[in-house]
Amino acid sequence: MMRETDHHFMRRALELAKLRKGLTHPNPTVGCVIVKDGKIIAEGYHEKVGMPHAEAVALEKAGTQAEGSTLYVTLEPCTHYGRTPPCTDAIIRAKVKRVVIATLDPNPLVSGRGVQKLRDAGIDVCVGVLEDEARELNEDFFTYITQKRPYITLKLAQSIDGRIATKHGESQWITNQESRTFAHRLRAQATAVLVGINTVLRDDPSLTVRHIPWESQPIRVVLDPNLRIPITSKLVREKTAKTLIITASENREKMKILEDEGIKVLLAPAEEGKLILREVLRELYFMEIMHLLVEGGAQTITSFIKEDLYDRLFIFLAPILIGEGIGIGDIGTSKLLDAKRHMLKSIYRFGDDVGLEYKKL
């Protein structure tokens, strides 16, 4: 049964979980609070994959005081041996009296089993406190587990009239520095950042997190069907982050040069000169890429939209008009009735730029 104070303590657990957003992939981000006599006696969060889970961290801090306490956790405790031992066993050993869980784990190895194991041990369990917030925090993990593909965010920077580049392909920079700094926060939340080869040839991007302090870099992924990436490009020369080239070309000589530079090259099937996106995503899933940020260019963004392969859309809107230029291409919509619908989640202001965050319906 839910109590009046449950929301207060679960909100603190969610705050702890948010501290590691983007740093725990392919694991979810999880926070835990242990309360006794109405006061927090220990807190914990999952730092990164392979490290102790949030519950284990908090229980270690609480020590013998955990006996008779209430444990708040943002995701159902695990029951299986993975990279770390089961959290349910640690909770039972610590003689915790009550466990409050925000949401069940979608992983079939866990889902419902953690709750049942705790109840079988005589522990009072309450599920569903701030569930919507907890699921939204880990929506990338839920998608990764249930759909067996990465959670996909599409990012566009465009003019008022919907152009992401001039007719000559110039796009640096449509938006202001504030917008671009926030875009680095989006990169920080992702396991990998993806662009098409045309973006590499035109802009020579680094695709790293730079404008904010961060302790890891996303993998840089390039869709390059014919293996045209220049050896002199920043994605090859700069070793600050890993680079993955996905191609349909069997140019062994070029592959060897790239691999000698520390670049991973992955072969994938193509049709009519374009890589098959569902096959690409399947490979990324097996590489434990949980959250994929797609940054462009126009052809790549259009392909993901046309095939309905995205979950979130983030548009940076600059106060300029370009007129004739490059925008999203044909996505197969001929009637307004068939237009792809989205829910507006958030609006941000970056000086005179506007950020619009949409969730696909």
# chains A, B, ... in the order shown; residues from 1 in each chain; ligands from 1
$ select_by_dssp --residues "region 167-248 of chain A" --states "strand (DSSP E)" --output "PyMOL selection string"
chain A and resi 192-196+219-223+243-247
$ write_last_selection --atoms "N, CA, C and O atoms" --output "mmCIF file, in the first residue's frame"
data_model
loop_
_atom_site.group_PDB
_atom_site.id
_atom_site.type_symbol
_atom_site.label_atom_id
_atom_site.label_comp_id
_atom_site.auth_asym_id
_atom_site.auth_seq_id
_atom_site.Cartn_x
_atom_site.Cartn_y
_atom_site.Cartn_z
ATOM 1 N N ALA A 192 25.637 6.137 -29.055
ATOM 2 C CA ALA A 192 26.303 6.356 -30.336
ATOM 3 C C ALA A 192 25.645 7.509 -31.081
ATOM 4 O O ALA A 192 24.454 7.772 -30.918
ATOM 5 N N VAL A 193 26.453 8.187 -31.911
ATOM 6 C CA VAL A 193 25.973 9.278 -32.771
ATOM 7 C C VAL A 193 26.181 8.841 -34.214
ATOM 8 O O VAL A 193 27.276 8.395 -34.582
ATOM 9 N N LEU A 194 25.135 8.962 -35.032
ATOM 10 C CA LEU A 194 25.190 8.448 -36.406
ATOM 11 C C LEU A 194 24.984 9.561 -37.427
ATOM 12 O O LEU A 194 24.114 10.414 -37.253
ATOM 13 N N VAL A 195 25.782 9.520 -38.496
ATOM 14 C CA VAL A 195 25.599 10.396 -39.654
ATOM 15 C C VAL A 195 25.800 9.585 -40.927
ATOM 16 O O VAL A 195 26.364 8.484 -40.901
ATOM 17 N N GLY A 196 25.348 10.156 -42.040
ATOM 18 C CA GLY A 196 25.607 9.562 -43.339
ATOM 19 C C GLY A 196 26.923 10.061 -43.897
ATOM 20 O O GLY A 196 27.470 11.071 -43.446
ATOM 21 N N ILE A 219 30.031 6.401 -29.262
ATOM 22 C CA ILE A 219 30.630 5.814 -30.470
ATOM 23 C C ILE A 219 30.150 6.611 -31.683
ATOM 24 O O ILE A 219 28.989 6.998 -31.777
ATOM 25 N N ARG A 220 31.038 6.886 -32.623
ATOM 26 C CA ARG A 220 30.683 7.626 -33.836
ATOM 27 C C ARG A 220 30.428 6.616 -34.955
ATOM 28 O O ARG A 220 31.302 5.812 -35.286
ATOM 29 N N VAL A 221 29.225 6.672 -35.521
ATOM 30 C CA VAL A 221 28.815 5.697 -36.533
ATOM 31 C C VAL A 221 28.570 6.418 -37.855
ATOM 32 O O VAL A 221 27.886 7.444 -37.899
ATOM 33 N N VAL A 222 29.134 5.870 -38.924
ATOM 34 C CA VAL A 222 28.952 6.453 -40.256
ATOM 35 C C VAL A 222 28.340 5.412 -41.188
ATOM 36 O O VAL A 222 28.848 4.292 -41.301
ATOM 37 N N LEU A 223 27.230 5.788 -41.829
ATOM 38 C CA LEU A 223 26.650 4.948 -42.882
ATOM 39 C C LEU A 223 27.351 5.297 -44.180
ATOM 40 O O LEU A 223 27.189 6.399 -44.712
ATOM 41 N N THR A 243 35.227 4.945 -33.598
ATOM 42 C CA THR A 243 34.479 5.161 -34.841
ATOM 43 C C THR A 243 34.128 3.818 -35.458
ATOM 44 O O THR A 243 34.964 2.914 -35.536
ATOM 45 N N LEU A 244 32.867 3.718 -35.888
ATOM 46 C CA LEU A 244 32.366 2.520 -36.560
ATOM 47 C C LEU A 244 31.865 2.917 -37.946
ATOM 48 O O LEU A 244 31.005 3.789 -38.071
ATOM 49 N N ILE A 245 32.403 2.285 -38.968
ATOM 50 C CA ILE A 245 31.962 2.528 -40.342
ATOM 51 C C ILE A 245 31.124 1.330 -40.789
ATOM 52 O O ILE A 245 31.593 0.185 -40.734
ATOM 53 N N ILE A 246 29.905 1.588 -41.225
ATOM 54 C CA ILE A 246 29.038 0.517 -41.721
ATOM 55 C C ILE A 246 28.958 0.654 -43.237
ATOM 56 O O ILE A 246 28.599 1.720 -43.753
ATOM 57 N N THR A 247 29.277 -0.394 -43.931
ATOM 58 C CA THR A 247 29.402 -0.331 -45.375
ATOM 59 C C THR A 247 28.895 -1.607 -46.041
ATOM 60 O O THR A 247 28.770 -2.650 -45.384
#
$ atom_distance --atom1 "CA of Glu307 (chain A)" --atom2 "CA of Gly273 (chain A)"
16.3 Å
$ closest_atom_pairs --of "region 190-254 of chain A" --to "region 177-186 of chain A" --cutoff "10 Å" --atoms "only C-alpha atoms" --output "tab-separated table"
residue	atom	partner	partner_atom	distance
A:Ala190	CA	A:Leu186	CA	6.7
A:Val193	CA	A:Leu186	CA	9.5
A:Leu207	CA	A:His184	CA	9.0
A:Thr208	CA	A:His184	CA	7.8
A:Val209	CA	A:His184	CA	5.4
A:Arg210	CA	A:His184	CA	6.9
A:His211	CA	A:Thr181	CA	5.6
A:Ile212	CA	A:His184	CA	7.0
A:Pro213	CA	A:Arg185	CA	9.6
A:Trp214	CA	A:Arg185	CA	9.1
$ write_last_selection --atoms "N, CA and C atoms" --output "compact mmCIF listing (two decimals), in the first residue's frame"
# COMPACT_ATOMS: atom_id res chain seq x y z
N ALA A 190 23.56 9.74 -25.44
CA ALA A 190 23.51 8.66 -26.43
C ALA A 190 24.68 7.69 -26.28
N VAL A 193 26.45 8.19 -31.91
CA VAL A 193 25.97 9.28 -32.77
C VAL A 193 26.18 8.84 -34.21
N LEU A 207 31.94 14.84 -34.07
CA LEU A 207 30.86 14.06 -33.44
C LEU A 207 31.19 13.65 -32.00
N THR A 208 31.90 14.53 -31.29
CA THR A 208 32.24 14.26 -29.89
C THR A 208 31.49 15.23 -28.98
N VAL A 209 31.45 14.89 -27.69
CA VAL A 209 30.89 15.79 -26.68
C VAL A 209 32.01 16.73 -26.25
N ARG A 210 31.82 18.04 -26.51
CA ARG A 210 32.91 19.00 -26.24
C ARG A 210 32.49 20.19 -25.37
N HIS A 211 31.31 20.72 -25.57
CA HIS A 211 30.96 22.00 -24.93
C HIS A 211 30.44 21.87 -23.51
N ILE A 212 30.39 20.66 -22.99
CA ILE A 212 29.97 20.43 -21.60
C ILE A 212 30.94 19.43 -20.98
N PRO A 213 31.15 19.48 -19.67
CA PRO A 213 32.01 18.47 -19.04
C PRO A 213 31.33 17.10 -19.06
N TRP A 214 32.05 16.08 -19.51
CA TRP A 214 31.48 14.74 -19.59
C TRP A 214 32.60 13.72 -19.52
$ closest_residue --among "A:Ile40, A:Leu137, A:Leu266, A:Ile123" --to "Leu19 (chain A)" --atoms "only C-alpha atoms"
A:Leu137
$ atom_distance --atom1 "CA of Ile101 (chain A)" --atom2 "CA of Gln147 (chain A)"
23.3 Å
$ select_by_dssp --residues "region 197-243 of chain A" --states "alpha helix (DSSP H)" --output "NGL selection string"
:A and (197-203 or 234-237)
$ write_last_selection --atoms "C-alpha atoms" --output "PDB file, in the first residue's frame"
ATOM      1  CA  ILE A 197      28.737   9.719 -45.472  1.00  0.00           C
ATOM      2  CA  ASN A 198      27.593  12.924 -47.228  1.00  0.00           C
ATOM      3  CA  THR A 199      27.742  14.759 -43.895  1.00  0.00           C
ATOM      4  CA  VAL A 200      31.285  13.507 -43.361  1.00  0.00           C
ATOM      5  CA  LEU A 201      32.398  14.562 -46.845  1.00  0.00           C
ATOM      6  CA  ARG A 202      30.748  17.995 -46.562  1.00  0.00           C
ATOM      7  CA  ASP A 203      31.352  18.997 -42.908  1.00  0.00           C
ATOM      8  CA  LYS A 234      38.518  13.800 -38.292  1.00  0.00           C
ATOM      9  CA  LEU A 235      36.543  10.614 -37.621  1.00  0.00           C
ATOM     10  CA  VAL A 236      39.614   8.623 -38.685  1.00  0.00           C
ATOM     11  CA  ARG A 237      42.413  10.851 -37.409  1.00  0.00           C
TER      12      ARG A 237
END
$ closest_residue --among "A:Asp338, A:Asp140, A:Asp204, A:Glu288" --to "Asp311 (chain A)" --atoms "only C-alpha atoms"
A:Asp140
$ atom_distance --atom1 "CA of Glu259 (chain A)" --atom2 "CA of Pro218 (chain A)"
18.9 Å
$ residues_around --residues "region 274-283 of chain A" --least-positions-apart "2" --cutoff "9 Å" --atoms "only C-alpha atoms" --output "VMD selection string"
chain A and resid 148 to 150 223 to 225 246 to 248 266 268 to 272 285 to 289 303 to 304 307 309
